[in-house]
Each structure stands twice: as structure tokens, then as C-alpha cells.
file entry35.tsv (TSV, C-alpha atoms)
chain	number	residue	atom	x	y	z
I	1	MET	CA	122.65	84.56	95.04
I	2	LYS	CA	122.29	82.79	98.39
I	3	TYR	CA	120.17	79.71	99.00
I	4	CYS	CA	118.28	78.57	102.04
I	5	MET	CA	120.40	76.05	103.95
I	6	LYS	CA	117.50	73.56	104.04
I	7	CYS	CA	115.47	74.01	100.85
I	8	LEU	CA	116.25	75.51	97.43
I	9	MET	CA	114.67	78.96	97.74
I	10	PRO	CA	117.15	81.74	96.77
I	11	ASP	CA	117.41	85.29	98.03
I	12	THR	CA	116.81	86.57	94.49
I	13	ARG	CA	113.06	86.01	94.98
I	14	PRO	CA	111.50	89.35	96.10
I	15	ASP	CA	110.81	89.81	99.83
I	16	MET	CA	112.60	86.64	100.95
I	17	GLU	CA	113.56	86.46	104.61
I	18	PHE	CA	116.30	84.30	106.12
I	19	ASN	CA	117.17	83.86	109.79
I	20	GLU	CA	120.63	84.13	111.30
I	21	ASN	CA	121.31	80.50	110.35
I	22	GLY	CA	120.55	81.06	106.67
I	23	ILE	CA	117.18	79.29	106.78
I	24	CYS	CA	114.24	80.79	104.90
I	25	ALA	CA	110.99	81.78	106.60
I	26	ALA	CA	109.07	78.98	104.85
I	27	CYS	CA	111.37	76.32	106.32
I	28	VAL	CA	111.17	77.97	109.74
I	29	PHE	CA	107.37	77.89	109.60
I	30	ALA	CA	107.35	74.26	108.42
I	31	GLU	CA	109.52	73.24	111.38
I	32	GLN	CA	107.40	75.27	113.80
I	33	SER	CA	104.30	73.57	112.38
I	34	ARG	CA	105.70	70.19	113.38
I	35	THR	CA	107.27	71.04	116.74
I	36	GLU	CA	106.00	74.30	118.23
I	37	ILE	CA	102.57	75.35	116.99
I	38	ASP	CA	99.62	74.26	119.10
I	39	TRP	CA	97.20	73.44	116.30
I	40	GLU	CA	94.31	72.77	118.65
I	41	GLN	CA	94.69	76.30	119.99
I	42	LYS	CA	94.85	77.63	116.43
I	43	LYS	CA	91.64	75.77	115.62
I	44	GLU	CA	89.97	77.28	118.67
I	45	GLU	CA	91.10	80.74	117.55
I	46	LEU	CA	89.59	80.14	114.13
I	47	GLN	CA	86.35	78.86	115.65
I	48	GLU	CA	86.19	82.05	117.72
I	49	ILE	CA	86.69	84.15	114.57
I	50	ALA	CA	83.87	82.19	112.93
I	51	ARG	CA	81.62	82.76	115.93
I	52	TRP	CA	82.39	86.49	115.74
I	53	ALA	CA	81.54	86.49	112.02
I	54	ARG	CA	78.17	84.82	112.61
I	55	GLU	CA	77.34	87.40	115.27
I	56	ASN	CA	78.31	90.32	113.00
I	57	ASN	CA	76.85	89.22	109.67
I	58	ASN	CA	74.23	92.00	109.39
I	59	GLY	CA	71.60	89.45	108.51
I	60	GLY	CA	73.40	88.16	105.40
I	61	TYR	CA	76.53	86.20	104.64
I	62	ASP	CA	79.06	85.38	107.33
I	63	CYS	CA	82.06	85.30	105.01
I	64	ALA	CA	83.28	85.91	101.46
I	65	ILE	CA	85.71	83.48	99.86
I	66	GLY	CA	87.56	84.19	96.63
I	67	VAL	CA	87.49	81.04	94.50
I	68	SER	CA	88.87	79.79	91.20
I	69	GLY	CA	87.28	76.37	91.64
I	70	GLY	CA	90.70	74.78	92.13
I	71	LYS	CA	92.00	72.52	94.87
I	72	ASP	CA	92.66	75.24	97.45
I	73	SER	CA	89.44	77.19	97.03
I	74	THR	CA	87.37	73.99	97.04
I	75	PHE	CA	88.89	73.02	100.39
I	76	GLN	CA	88.45	76.58	101.72
I	77	ALA	CA	84.77	76.75	100.87
I	78	LEU	CA	83.84	73.33	102.21
I	79	TYR	CA	85.92	73.77	105.36
I	80	ALA	CA	84.40	77.19	106.07
I	81	ARG	CA	80.87	75.86	105.71
I	82	ASP	CA	81.15	72.36	107.15
I	83	GLU	CA	83.78	72.83	109.87
I	84	LEU	CA	83.20	76.46	110.85
I	85	GLY	CA	79.45	76.62	110.26
I	86	LEU	CA	79.65	79.75	108.12
I	87	ASN	CA	77.15	80.98	105.55
I	88	CYS	CA	79.54	81.61	102.65
I	89	LEU	CA	79.38	83.75	99.55
I	90	LEU	CA	81.84	82.58	96.92
I	91	VAL	CA	83.39	85.28	94.74
I	92	ASN	CA	84.98	84.42	91.42
I	93	CYS	CA	86.85	86.44	88.82
I	94	TYR	CA	86.37	84.69	85.50
I	95	PRO	CA	89.69	84.53	83.63
I	96	ASP	CA	90.17	85.08	79.92
I	97	GLY	CA	90.86	81.78	78.19
I	98	ILE	CA	89.34	79.67	80.94
I	99	THR	CA	89.81	75.95	80.33
I	100	GLU	CA	86.99	73.42	80.13
I	101	VAL	CA	88.35	71.84	83.30
I	102	GLY	CA	88.24	75.25	84.97
I	103	LYS	CA	84.60	75.66	84.01
I	104	HIS	CA	83.76	72.21	85.35
I	105	ASN	CA	85.49	72.85	88.67
I	106	LEU	CA	83.62	76.10	89.27
I	107	GLU	CA	80.31	74.41	88.50
I	108	ASN	CA	81.26	71.48	90.72
I	109	LEU	CA	81.99	73.79	93.63
I	110	VAL	CA	78.73	75.74	93.32
I	111	ASN	CA	76.80	72.48	93.07
I	112	HIS	CA	78.04	71.54	96.52
I	113	GLY	CA	75.50	74.10	97.71
I	114	PHE	CA	76.90	77.64	97.55
I	115	ASP	CA	75.88	81.05	96.28
I	116	MET	CA	78.52	82.55	93.99
I	117	VAL	CA	78.99	85.88	92.25
I	118	SER	CA	81.30	85.91	89.27
I	119	TRP	CA	82.99	89.04	87.93
I	120	ARG	CA	84.40	89.31	84.41
I	121	PRO	CA	86.92	92.07	83.64
I	122	ASN	CA	86.68	93.68	80.22
I	123	PRO	CA	88.75	91.33	77.99
I	124	LYS	CA	89.92	94.18	75.75
I	125	ILE	CA	91.33	96.01	78.75
I	126	MET	CA	92.83	92.82	80.18
I	127	ARG	CA	94.59	92.09	76.90
I	128	ALA	CA	96.06	95.61	76.78
I	129	LEU	CA	97.13	95.45	80.43
I	130	MET	CA	98.80	92.07	80.06
I	131	ARG	CA	100.84	93.41	77.15
I	132	PHE	CA	101.72	96.56	79.09
I	133	SER	CA	102.62	94.54	82.18
I	134	PHE	CA	104.99	92.33	80.22
I	135	TYR	CA	106.89	95.33	78.85
I	136	GLU	CA	106.78	97.31	82.11
I	137	TYR	CA	107.14	94.62	84.81
I	138	GLY	CA	108.14	91.42	83.06
I	139	ASN	CA	104.99	89.87	84.50
I	140	PRO	CA	102.08	89.55	82.06
I	141	VAL	CA	99.72	87.94	84.58
I	142	LYS	CA	100.15	90.72	87.14
I	143	PRO	CA	97.00	92.61	86.01
I	144	SER	CA	94.95	89.41	86.11
I	145	GLU	CA	95.99	88.90	89.75
I	146	TYR	CA	94.63	92.32	90.77
I	147	PRO	CA	90.93	91.70	90.08
I	148	LEU	CA	91.24	88.04	91.12
I	149	PHE	CA	91.81	89.18	94.69
I	150	ALA	CA	90.34	92.68	94.71
I	151	VAL	CA	86.78	91.69	93.81
I	152	THR	CA	86.49	89.51	96.92
I	153	TYR	CA	87.46	92.41	99.16
I	154	GLN	CA	85.21	94.77	97.21
I	155	THR	CA	82.25	92.42	97.55
I	156	ALA	CA	82.75	92.00	101.28
I	157	PHE	CA	83.08	95.76	101.74
I	158	ALA	CA	80.04	96.59	99.62
I	159	HIS	CA	77.79	94.09	101.38
I	160	ARG	CA	79.31	94.45	104.85
I	161	ILE	CA	80.26	90.80	105.01
I	162	PRO	CA	82.32	90.61	108.20
I	163	LEU	CA	84.88	87.95	107.26
I	164	ILE	CA	87.07	87.26	104.22
I	165	ILE	CA	88.76	83.85	104.07
I	166	GLN	CA	91.86	83.53	101.90
I	167	GLY	CA	93.81	80.31	101.48
I	168	GLU	CA	97.57	80.34	101.87
I	169	ASN	CA	99.86	83.08	103.07
I	170	PRO	CA	102.50	83.08	100.27
I	171	GLY	CA	105.05	84.36	102.75
I	172	LEU	CA	104.74	81.24	104.89
I	173	THR	CA	104.64	78.95	101.87
I	174	LEU	CA	107.52	80.49	99.89
I	175	GLY	CA	109.48	82.46	102.50
I	176	SER	CA	108.66	85.95	101.15
I	177	THR	CA	107.43	87.22	104.50
I	178	LYS	CA	108.84	90.74	104.13
I	179	GLY	CA	105.80	91.54	102.02
I	180	TYR	CA	103.07	89.17	103.20
I	181	GLY	CA	103.99	88.95	106.87
I	182	LYS	CA	104.10	85.84	109.05
I	183	ASN	CA	100.62	85.85	110.54
I	184	GLY	CA	97.02	85.12	109.62
I	185	ASN	CA	96.08	88.65	108.58
I	186	ALA	CA	95.01	88.39	104.93
I	187	PHE	CA	94.78	92.16	104.49
I	188	ASN	CA	98.51	91.76	103.81
I	189	ILE	CA	97.75	90.10	100.45
I	190	ALA	CA	98.05	93.48	98.72
I	191	MET	CA	101.55	94.00	100.17
I	192	GLY	CA	103.22	91.15	98.30
I	193	ASN	CA	105.39	91.74	95.25
I	194	THR	CA	102.72	90.97	92.63
I	195	LEU	CA	99.91	93.08	94.09
I	196	ARG	CA	102.03	95.72	95.82
I	197	GLY	CA	99.75	98.63	96.73
I	198	GLY	CA	96.62	97.25	95.07
I	199	ASN	CA	95.87	100.53	93.30
I	200	ALA	CA	93.83	100.67	90.10
I	201	SER	CA	95.76	103.80	89.14
I	202	ASP	CA	98.74	101.51	88.42
I	203	TRP	CA	96.85	100.40	85.30
I	204	ALA	CA	95.53	103.72	83.98
I	205	VAL	CA	97.82	103.54	80.94
I	206	ASP	CA	97.58	103.66	77.16
I	207	GLY	CA	94.31	105.58	77.16
I	208	ILE	CA	92.63	103.35	79.76
I	209	GLU	CA	90.75	105.55	82.23
I	210	LEU	CA	90.53	104.98	85.97
I	211	LYS	CA	86.74	104.64	85.75
I	212	GLN	CA	87.31	101.56	83.56
I	213	LEU	CA	89.41	99.89	86.26
I	214	LEU	CA	87.02	99.57	89.18
I	215	LEU	CA	87.63	95.83	89.46
I	216	TYR	CA	91.36	96.46	89.95
I	217	GLN	CA	91.07	98.57	93.12
I	218	PHE	CA	91.49	97.08	96.57
I	219	PRO	CA	89.29	98.82	99.15
I	220	ASP	CA	91.17	100.86	101.70
I	221	LYS	CA	92.36	98.58	104.51
I	222	GLU	CA	91.63	101.10	107.24
I	223	GLU	CA	88.13	101.71	105.90
I	224	MET	CA	87.44	97.98	105.88
I	225	GLU	CA	88.68	97.61	109.45
I	226	LYS	CA	86.50	100.56	110.52
I	227	SER	CA	83.58	98.73	108.93
I	228	ASN	CA	84.30	95.77	111.22
I	229	ILE	CA	85.62	93.49	108.47
I	230	ARG	CA	88.38	90.96	109.05
I	231	ALA	CA	90.44	88.90	106.60
I	232	VAL	CA	92.30	85.69	107.49
I	233	TYR	CA	94.53	83.09	105.85
I	234	LEU	CA	93.06	79.63	106.45
I	235	GLN	CA	96.53	78.07	106.17
I	236	PHE	CA	97.63	79.90	109.32
I	237	TYR	CA	94.99	78.14	111.43
I	238	VAL	CA	94.49	74.69	109.86
I	239	LYS	CA	97.10	71.97	110.36
I	240	GLU	CA	96.08	69.82	107.40
I	241	TRP	CA	96.48	72.63	104.86
I	242	SER	CA	98.92	71.64	102.11
I	243	PRO	CA	98.82	71.41	98.29
I	244	ASP	CA	98.73	67.61	98.40
I	245	HIS	CA	96.06	67.42	101.08
I	246	ASN	CA	93.90	70.02	99.35
I	247	ALA	CA	94.18	68.18	96.03
I	248	GLU	CA	93.27	64.82	97.55
I	249	PHE	CA	90.35	66.35	99.47
I	250	SER	CA	89.05	68.25	96.46
I	251	VAL	CA	89.36	65.32	94.03
I	252	ALA	CA	87.24	63.32	96.47
I	253	HIS	CA	84.68	66.13	96.13
I	254	GLY	CA	84.59	66.20	92.34
I	255	LEU	CA	87.62	68.29	91.32
I	256	LEU	CA	89.17	67.51	87.94
I	257	GLY	CA	92.82	67.99	86.97
I	258	ARG	CA	94.19	68.72	83.53
I	259	LYS	CA	93.25	65.94	81.14
I	260	ASP	CA	96.19	66.66	78.82
I	261	TYR	CA	98.66	66.89	81.69
I	262	ASP	CA	102.34	66.47	80.84
I	263	TRP	CA	104.48	67.73	83.70
I	264	ARG	CA	107.53	68.27	81.49
I	265	ARG	CA	105.67	70.18	78.80
I	266	MET	CA	103.66	72.29	81.24
I	267	GLY	CA	106.34	73.02	83.81
I	268	LYS	CA	103.96	72.03	86.61
I	269	TYR	CA	104.54	69.26	89.12
I	270	SER	CA	100.84	68.50	89.63
I	271	ARG	CA	97.90	68.17	87.24
I	272	TYR	CA	95.79	69.95	89.89
I	273	GLY	CA	97.68	73.25	89.91
I	274	SER	CA	96.81	76.26	87.70
I	275	VAL	CA	94.05	74.38	85.90
I	276	ASP	CA	91.74	77.29	85.04
I	277	SER	CA	93.94	79.14	82.55
I	278	ASP	CA	96.92	78.29	80.32
I	279	PHE	CA	98.36	81.78	80.85
I	280	GLN	CA	99.44	80.62	84.31
I	281	LEU	CA	101.83	78.16	82.65
I	282	PHE	CA	103.64	80.95	80.80
I	283	ASN	CA	104.59	83.40	83.53
I	284	PRO	CA	106.77	81.02	85.64
I	285	MET	CA	109.26	80.77	82.77
I	286	ILE	CA	109.63	84.57	82.73
I	287	LYS	CA	110.06	84.56	86.50
I	288	TYR	CA	112.80	81.95	86.16
I	289	TYR	CA	114.82	84.18	83.83
I	290	LYS	CA	114.38	87.13	86.19
I	291	PHE	CA	115.14	85.48	89.53
I	292	GLY	CA	116.68	82.08	88.81
I	293	GLU	CA	113.79	80.19	90.41
I	294	SER	CA	110.29	79.16	89.45
I	295	ASN	CA	107.66	76.43	89.92
I	296	TRP	CA	110.04	73.49	90.25
I	297	THR	CA	112.19	75.26	92.84
I	298	GLU	CA	109.07	76.09	94.83
I	299	CYS	CA	107.47	72.64	94.53
I	300	TYR	CA	110.63	70.73	95.40
I	301	SER	CA	111.37	73.07	98.29
I	302	LYS	CA	107.96	72.16	99.73
I	303	MET	CA	108.79	68.47	99.23
I	304	ILE	CA	112.09	68.89	101.07
I	305	ARG	CA	110.23	70.46	104.00
I	306	SER	CA	107.70	67.62	104.11
I	307	GLY	CA	110.45	64.97	103.97
I	308	GLU	CA	109.36	63.53	100.60
I	309	ILE	CA	112.76	64.12	99.00
I	310	ASN	CA	116.25	65.10	100.11
I	311	ARG	CA	118.00	68.26	99.05
I	312	MET	CA	120.45	66.60	96.65
I	313	GLU	CA	117.66	64.78	94.81
I	314	ALA	CA	115.68	67.99	94.59
I	315	MET	CA	118.69	69.89	93.21
I	316	ALA	CA	118.99	67.41	90.33
I	317	ALA	CA	115.30	67.70	89.41
I	318	VAL	CA	115.24	71.50	89.63
I	319	ARG	CA	118.41	71.75	87.57
I	320	LYS	CA	116.79	69.72	84.82
I	321	TRP	CA	113.26	71.14	84.71
I	322	ASP	CA	112.91	74.56	86.35
I	323	GLY	CA	111.89	77.37	84.01
I	324	TYR	CA	110.74	75.16	81.15
I	325	CYS	CA	107.66	76.16	79.16
I	326	ASP	CA	106.38	74.46	76.03
I	327	GLU	CA	106.57	76.54	72.85
I	328	GLU	CA	102.82	76.02	72.37
I	329	HIS	CA	102.06	77.96	75.54
I	330	ILE	CA	104.56	80.69	74.70
I	331	LYS	CA	102.92	81.24	71.32
I	332	LYS	CA	99.42	81.11	72.79
I	333	CYS	CA	100.21	83.87	75.27
I	334	CYS	CA	102.09	85.96	72.70
I	335	ASP	CA	99.07	85.71	70.39
I	336	TYR	CA	96.86	86.90	73.23
I	337	MET	CA	99.12	89.89	73.91
I	338	GLU	CA	99.23	90.52	70.15
I	339	ILE	CA	103.00	90.36	69.88
I	340	SER	CA	105.16	87.93	67.94
I	341	VAL	CA	107.25	85.23	69.59
I	342	ASP	CA	110.35	86.96	68.17
I	343	GLU	CA	109.29	90.23	69.82
I	344	PHE	CA	108.71	88.40	73.09
I	345	TRP	CA	112.25	87.03	73.11
I	346	ARG	CA	113.69	90.38	71.99
I	347	VAL	CA	112.12	92.08	75.02
I	348	MET	CA	113.13	89.23	77.29
I	349	GLU	CA	116.76	89.52	76.24
I	350	LYS	CA	116.78	93.30	76.45
I	351	LYS	CA	114.94	93.75	79.76
I	352	TRP	CA	114.10	90.62	81.71
I	353	ILE	CA	116.74	87.93	81.38
I	354	ASN	CA	119.07	88.43	84.32
I	355	LYS	CA	122.51	88.49	82.73
I	356	LYS	CA	124.15	87.98	86.12
I	357	LEU	CA	122.40	84.62	86.38
I	358	PHE	CA	122.20	83.50	82.74
I	359	LYS	CA	124.46	83.40	79.71
I	360	LYS	CA	124.11	82.26	76.11
I	361	ASP	CA	125.59	78.94	75.14
I	362	GLU	CA	127.14	78.17	71.75
I	363	SER	CA	123.72	77.46	70.22
I	364	GLY	CA	122.36	80.84	71.38
I	365	LYS	CA	120.24	79.36	74.18
I	366	TRP	CA	120.11	81.11	77.54
I	367	VAL	CA	121.49	78.79	80.22
I	368	PRO	CA	122.08	79.31	83.96
I	369	ARG	CA	125.46	80.31	85.32
I	370	PHE	CA	124.36	78.94	88.69
I	371	THR	CA	123.70	75.51	90.12
I	372	PRO	CA	120.42	75.30	92.07
I	373	GLY	CA	121.09	75.01	95.77
I	374	VAL	CA	124.73	76.12	95.52
I	375	ASP	CA	125.50	79.67	96.63
I	376	PHE	CA	126.52	81.73	93.63
I	377	ASP	CA	128.94	84.69	93.62
I	378	GLU	CA	128.60	86.73	90.45
I	379	ASN	CA	132.11	88.12	90.92
I	380	SER	CA	133.59	84.63	90.72
I	381	VAL	CA	132.56	84.26	87.07
I	382	GLY	CA	133.91	87.59	85.91
I	383	ILE	CA	130.60	89.39	85.38
call {"tool": "encode", "arguments": {"input": "entry35.tsv", "output": "C-alpha cells"}}
result
Amino acid sequence: MKYCMKCLMPDTRPDMEFNENGICAACVFAEQSRTEIDWEQKKEELQEIARWARENNNGGYDCAIGVSGGKDSTFQALYARDELGLNCLLVNCYPDGITEVGKHNLENLVNHGFDMVSWRPNPKIMRALMRFSFYEYGNPVKPSEYPLFAVTYQTAFAHRIPLIIQGENPGLTLGSTKGYGKNGNAFNIAMGNTLRGGNASDWAVDGIELKQLLLYQFPDKEEMEKSNIRAVYLQFYVKEWSPDHNAEFSVAHGLLGRKDYDWRRMGKYSRYGSVDSDFQLFNPMIKYYKFGESNWTECYSKMIRSGEINRMEAMAAVRKWDGYCDEEHIKKCCDYMEISVDEFWRVMEKKWINKKLFKKDESGKWVPRFTPGVDFDENSVGI
């Protein structure tokens, strides 16, 4: 387990890339953003893409934007319309268990003056797929991510909308560029670890037929390109893009955060992240036991890059809080998957807790063998 020399991202996260100096791709991009990237040129490139979209809109919408109503999608939509002059169609995939705050934020965004189509996957199928995905992949929200992204691409393809605008490139934000790439091409979204392949056939299990999974299928990339459709990451072109900026901007435009926010109980650094569904608070804990990193590692690594905190301070916070999830959220998600909490932990121990990174203490609790930010050699602890 090797850590980035600047932040706290480890090589155990899938698709991580480090340069010859041991620095992750996210830190490299952050430094380039400050010292090398000509953001005025990037803005001109984006304006040219917008001009191209307006000229190729087939008499309808210029762009499709996938939205949850959260801080990032609110900024995306308003920037695309007000700064780029685009006629936007918002595309939403309504999650099971949506929060009241999530409902408000979607309504708030539409009321800024947008058309929106909202898809709703069959909740019986979603429940079955989340349970299957936990047992098969150790990632119960993986099937909910598929339609969340796929329906935007499907809608653009079906209506020949020339441009799709995504928000961040996770590779540039987290360092996992081996999957997502390092550029502004958002067709790469289906190449990351969670959505790898983007095929509905991945979910034709337990008696669920392919014809019931249309919302889970990404259109063929080559077919979309032949149809003169482009997809871009806004983050790649816009200097001000950041979680903090997007939250401040969106709050000023009516966004609400979690009213019952408790950062320790929820395992989230900000009340404005993952507000539309409580299931998103559950999966990071599982990821932590698989890879030894989760939300706190990622948040504090971003803060190191922005100069808000030094590495030693971040190490202490991550050591204390990363991977925590309140028992209330664990039970809520287990109830949804129709398994007991005891069964959940039985499967976790058998399949998903990385025994090279974690061990049981005297009380039977799984605790890390590693110290965040300190390179860890499994052979040195006799594994």
C-alpha cells in the first residue's frame, strides 16, 4: 500500500496513477491548474464547443445535462445556460429513497427555468440488483450508478442532442486516471471502475431479463460519435470548478443541504454532498474496508491540494474518521436489500474486508493495520 507523496490517496484505489516521483494524477492536475493551464484558452475551447452545439442542435436542445439537483449539477446547468448560451435539457434519474431535501433541490433547479425529464427505474429490480451487487461486487450502489449516467446518454442519442455536459472527471479529482483518462472527453465515464463497460447484460441475473434493463445500457460510443454527439467534463474547462465553489454558488441559488447533518454520524465532510439519498452514506464504509480509503481520505486530499490543511493534520483526521458509518444507515440499507445486519457483516468478513489491511482487535472490531499516509508493507506485519 503506497501513498501519494503529497496527498493521502493510496494505490489500493482502483485505476490510480502515480508519476515517477510518487505523486498521484489528482495532485499533478491540481498543480498544473495553478501553474501551467491557460484557463482563458480552456474557456475559449469550451465556448467553441458550445457554438458547435448550437449550430448542430437539429432544431431542439443544444445539450443534455444529467442532474441530481445537487451542488455540482446546479452549477453545471446554470453555467451551461447563462455562460455558454445553451438551450439545456436536464435529465434526472429519480433514486429510491430520495430525501425531502433531494426533492426540494430538483424542484429548485427546474424552477430556475429548465425543461427536465426524469426517469425512474423499477424499484423492485433496483432492490434485487443492489442486493446482488453487494454479494457479487461489494458495492450495493453500483447498479444505481448505471442508470444515473446512462439515461442522459440515452436521451441525447434518442433525440440527437449534440452535446452532453458532465461535471467532474473523477480521474482528475481522485487520481484514478487509468480508467477515466486525463482529458475532457466524458464518453470515458463508462470506463471507470464503477461503471466499467456500461452493459445492461451485467445485471441480467436472478431471473431479471435484459428487456427489463433498458435504463442500464449505455449507448455505443462509436454510434454516438457517428451521430455527431460529443460529451465533455465541465471541470476540465472551467477554472472555478471545485466542491466548495459549487456548493457556495448553488446555495446562493436556492440549494439546501442536509437539515439533520452530523459529519461524524454521516461520514461526510459537507452537508451539501450526497443529499438526495441515504444509501450514498452506506457504500463509502464498504469501500473503506476493501481499499483502506473512503470519503475522508478523498475530502482531505482535496484540502491538502488546495492548501487548506497540511498533510500531517489531514492524516490525524482521516485516521480518526475515515470509514465510519452510523448504525442507523447500515440498518436502513440492509432493510432495503432485505438482509439482516448480521448477514451483512458475515458477508463483509467473508468477502469484502481486506485482511491484508485490517485485523480484529480484542473486542472483535475490525481495525486498520495501516496508518493513513504512511506507506504500508504487508510483509512487515507477518501477513
call {"tool": "residues_around", "arguments": {"input": "entry35.tsv", "residues": "stretch 18-27 of chain I", "least_positions_apart": "2", "cutoff": "7 Å", "atoms": "only C-alpha atoms", "output": "list of chain:residue names"}}
result
I:Cys4, I:Met5, I:Lys6, I:Met16, I:Phe29, I:Ala30, I:Glu31, I:Leu172, I:Thr173, I:Leu174, I:Gly175, I:Thr177, I:Arg305
call {"tool": "residues_around", "arguments": {"input": "entry35.tsv", "residues": "stretch 93-103 of chain I", "least_positions_apart": "4", "cutoff": "7 Å", "atoms": "only C-alpha atoms", "output": "JSON, numbers by chain"}}
result
{"I": [69, 107, 118, 119, 120, 123, 147, 148, 256, 257, 258, 275, 276, 277]}
call {"tool": "atom_distance", "arguments": {"input": "entry35.tsv", "atom1": "atom CA of I:Phe370", "atom2": "atom CA of I:Tyr135"}}
result
25.9 Å
call {"tool": "residues_around", "arguments": {"input": "entry35.tsv", "residues": "I:Gly192", "least_positions_apart": "5", "cutoff": "9 Å", "atoms": "all atoms listed in the file", "output": "list in words"}}
result
Pro14, Asp15, Pro170, Gly171, Ser176, Thr177, Lys178, Gly179, Tyr180, Gly181 and Gly197 of chain I
call {"tool": "residues_around", "arguments": {"input": "entry35.tsv", "residues": "I:Val205", "least_positions_apart": "6", "cutoff": "12 Å", "atoms": "only C-alpha atoms", "output": "list in words"}}
result
Ile125, Met126, Ala128, Leu129, Met130, Arg131, Phe132, Ser133, Glu136, Gln212 and Leu213 of chain I
call {"tool": "residues_near_point", "arguments": {"input": "entry35.tsv", "point": "(87.6, 99.9, 106.5)", "cutoff": "12 Å", "atoms": "all atoms listed in the file", "output": "list of chain:residue names"}}
result
I:Tyr153, I:Gln154, I:Ala156, I:Phe157, I:Ala158, I:Arg160, I:Ile161, I:Pro162, I:Phe187, I:Phe218, I:Pro219, I:Asp220, I:Lys221, I:Glu222, I:Glu223, I:Met224, I:Glu225, I:Lys226, I:Ser227, I:Asn228, I:Ile229, I:Arg230, I:Ala231
call {"tool": "write_last_selection", "arguments": {"input": "entry35.tsv", "atoms": "C-alpha atoms", "output": "PDB file, in the frame of the given file"}}
result
ATOM      1  CA  TYR I 153      87.460  92.410  99.160  1.00  0.00           C
ATOM      2  CA  GLN I 154      85.210  94.770  97.210  1.00  0.00           C
ATOM      3  CA  ALA I 156      82.750  92.000 101.280  1.00  0.00           C
ATOM      4  CA  PHE I 157      83.080  95.760 101.740  1.00  0.00           C
ATOM      5  CA  ALA I 158      80.040  96.590  99.620  1.00  0.00           C
ATOM      6  CA  ARG I 160      79.310  94.450 104.850  1.00  0.00           C
ATOM      7  CA  ILE I 161      80.260  90.800 105.010  1.00  0.00           C
ATOM      8  CA  PRO I 162      82.320  90.610 108.200  1.00  0.00           C
ATOM      9  CA  PHE I 187      94.780  92.160 104.490  1.00  0.00           C
ATOM     10  CA  PHE I 218      91.490  97.080  96.570  1.00  0.00           C
ATOM     11  CA  PRO I 219      89.290  98.820  99.150  1.00  0.00           C
ATOM     12  CA  ASP I 220      91.170 100.860 101.700  1.00  0.00           C
ATOM     13  CA  LYS I 221      92.360  98.580 104.510  1.00  0.00           C
ATOM     14  CA  GLU I 222      91.630 101.100 107.240  1.00  0.00           C
ATOM     15  CA  GLU I 223      88.130 101.710 105.900  1.00  0.00           C
ATOM     16  CA  MET I 224      87.440  97.980 105.880  1.00  0.00           C
ATOM     17  CA  GLU I 225      88.680  97.610 109.450  1.00  0.00           C
ATOM     18  CA  LYS I 226      86.500 100.560 110.520  1.00  0.00           C
ATOM     19  CA  SER I 227      83.580  98.730 108.930  1.00  0.00           C
ATOM     20  CA  ASN I 228      84.300  95.770 111.220  1.00  0.00           C
ATOM     21  CA  ILE I 229      85.620  93.490 108.470  1.00  0.00           C
ATOM     22  CA  ARG I 230      88.380  90.960 109.050  1.00  0.00           C
ATOM     23  CA  ALA I 231      90.440  88.900 106.600  1.00  0.00           C
TER      24      ALA I 231
END
call {"tool": "residues_around", "arguments": {"input": "entry35.tsv", "residues": "I:Leu78", "least_positions_apart": "2", "cutoff": "10 Å", "atoms": "only C-alpha atoms", "output": "list of chain:residue names"}}
result
I:Ser73, I:Thr74, I:Phe75, I:Gln76, I:Ala80, I:Arg81, I:Asp82, I:Glu83, I:Leu84, I:Gly85, I:Leu86, I:Cys88, I:Leu109, I:His112, I:Gly113, I:Phe114, I:Phe249, I:Ser250, I:His253
call {"tool": "closest_residue", "arguments": {"input": "entry35.tsv", "among": "I:His104, I:Arg51, I:Arg13, I:Lys320", "to": "I:Phe291", "atoms": "all atoms listed in the file"}}
result
I:Arg13
call {"tool": "atom_distance", "arguments": {"input": "entry35.tsv", "atom1": "atom CA of I:Tyr233", "atom2": "atom CA of I:Ile164"}}
result
8.7 Å
call {"tool": "atom_distance", "arguments": {"input": "entry35.tsv", "atom1": "atom CA of I:Asn199", "atom2": "atom CA of I:Pro143"}}
result
10.8 Å
call {"tool": "closest_residue", "arguments": {"input": "entry35.tsv", "among": "I:Val151, I:Ile49, I:Ile189, I:Met1", "to": "I:Asp377", "atoms": "all atoms listed in the file"}}
result
I:Met1
call {"tool": "closest_residue", "arguments": {"input": "entry35.tsv", "among": "I:Gly373, I:Phe344, I:Gly254, I:Phe282", "to": "I:Ala314", "atoms": "all atoms listed in the file"}}
result
I:Gly373
call {"tool": "build_atoms", "arguments": {"input": "entry35.tsv", "residues": "stretch 146-157 of chain I", "atoms": "N, CA and C atoms", "output": "JSON list (two decimals), keeping the file's coordinate frame"}}
result
[["chain", "number", "residue", "atom", "x", "y", "z"],
["I", 146, "TYR", "N", 95.29, 91.22, 90.06],
["I", 146, "TYR", "CA", 94.63, 92.32, 90.77],
["I", 146, "TYR", "C", 93.14, 92.06, 90.95],
["I", 147, "PRO", "N", 92.36, 91.91, 89.87],
["I", 147, "PRO", "CA", 90.93, 91.70, 90.08],
["I", 147, "PRO", "C", 90.62, 90.36, 90.72],
["I", 148, "LEU", "N", 91.46, 89.35, 90.52],
["I", 148, "LEU", "CA", 91.24, 88.04, 91.12],
["I", 148, "LEU", "C", 91.07, 88.16, 92.63],
["I", 149, "PHE", "N", 91.89, 88.99, 93.25],
["I", 149, "PHE", "CA", 91.81, 89.18, 94.69],
["I", 149, "PHE", "C", 90.93, 90.37, 95.07],
["I", 150, "ALA", "N", 91.03, 91.44, 94.31],
["I", 150, "ALA", "CA", 90.34, 92.68, 94.71],
["I", 150, "ALA", "C", 88.83, 92.53, 94.77],
["I", 151, "VAL", "N", 88.24, 91.76, 93.84],
["I", 151, "VAL", "CA", 86.78, 91.69, 93.81],
["I", 151, "VAL", "C", 86.21, 91.02, 95.06],
["I", 152, "THR", "N", 86.96, 90.12, 95.68],
["I", 152, "THR", "CA", 86.49, 89.51, 96.92],
["I", 152, "THR", "C", 86.41, 90.54, 98.04],
["I", 153, "TYR", "N", 87.44, 91.36, 98.14],
["I", 153, "TYR", "CA", 87.46, 92.41, 99.16],
["I", 153, "TYR", "C", 86.40, 93.47, 98.86],
["I", 154, "GLN", "N", 86.24, 93.81, 97.59],
["I", 154, "GLN", "CA", 85.21, 94.77, 97.21],
["I", 154, "GLN", "C", 83.82, 94.27, 97.57],
["I", 155, "THR", "N", 83.57, 92.99, 97.28],
["I", 155, "THR", "CA", 82.25, 92.42, 97.55],
["I", 155, "THR", "C", 81.95, 92.39, 99.04],
["I", 156, "ALA", "N", 82.94, 92.00, 99.83],
["I", 156, "ALA", "CA", 82.75, 92.00, 101.28],
["I", 156, "ALA", "C", 82.49, 93.40, 101.80],
["I", 157, "PHE", "N", 83.24, 94.38, 101.30],
["I", 157, "PHE", "CA", 83.08, 95.76, 101.74],
["I", 157, "PHE", "C", 81.72, 96.32, 101.35]]
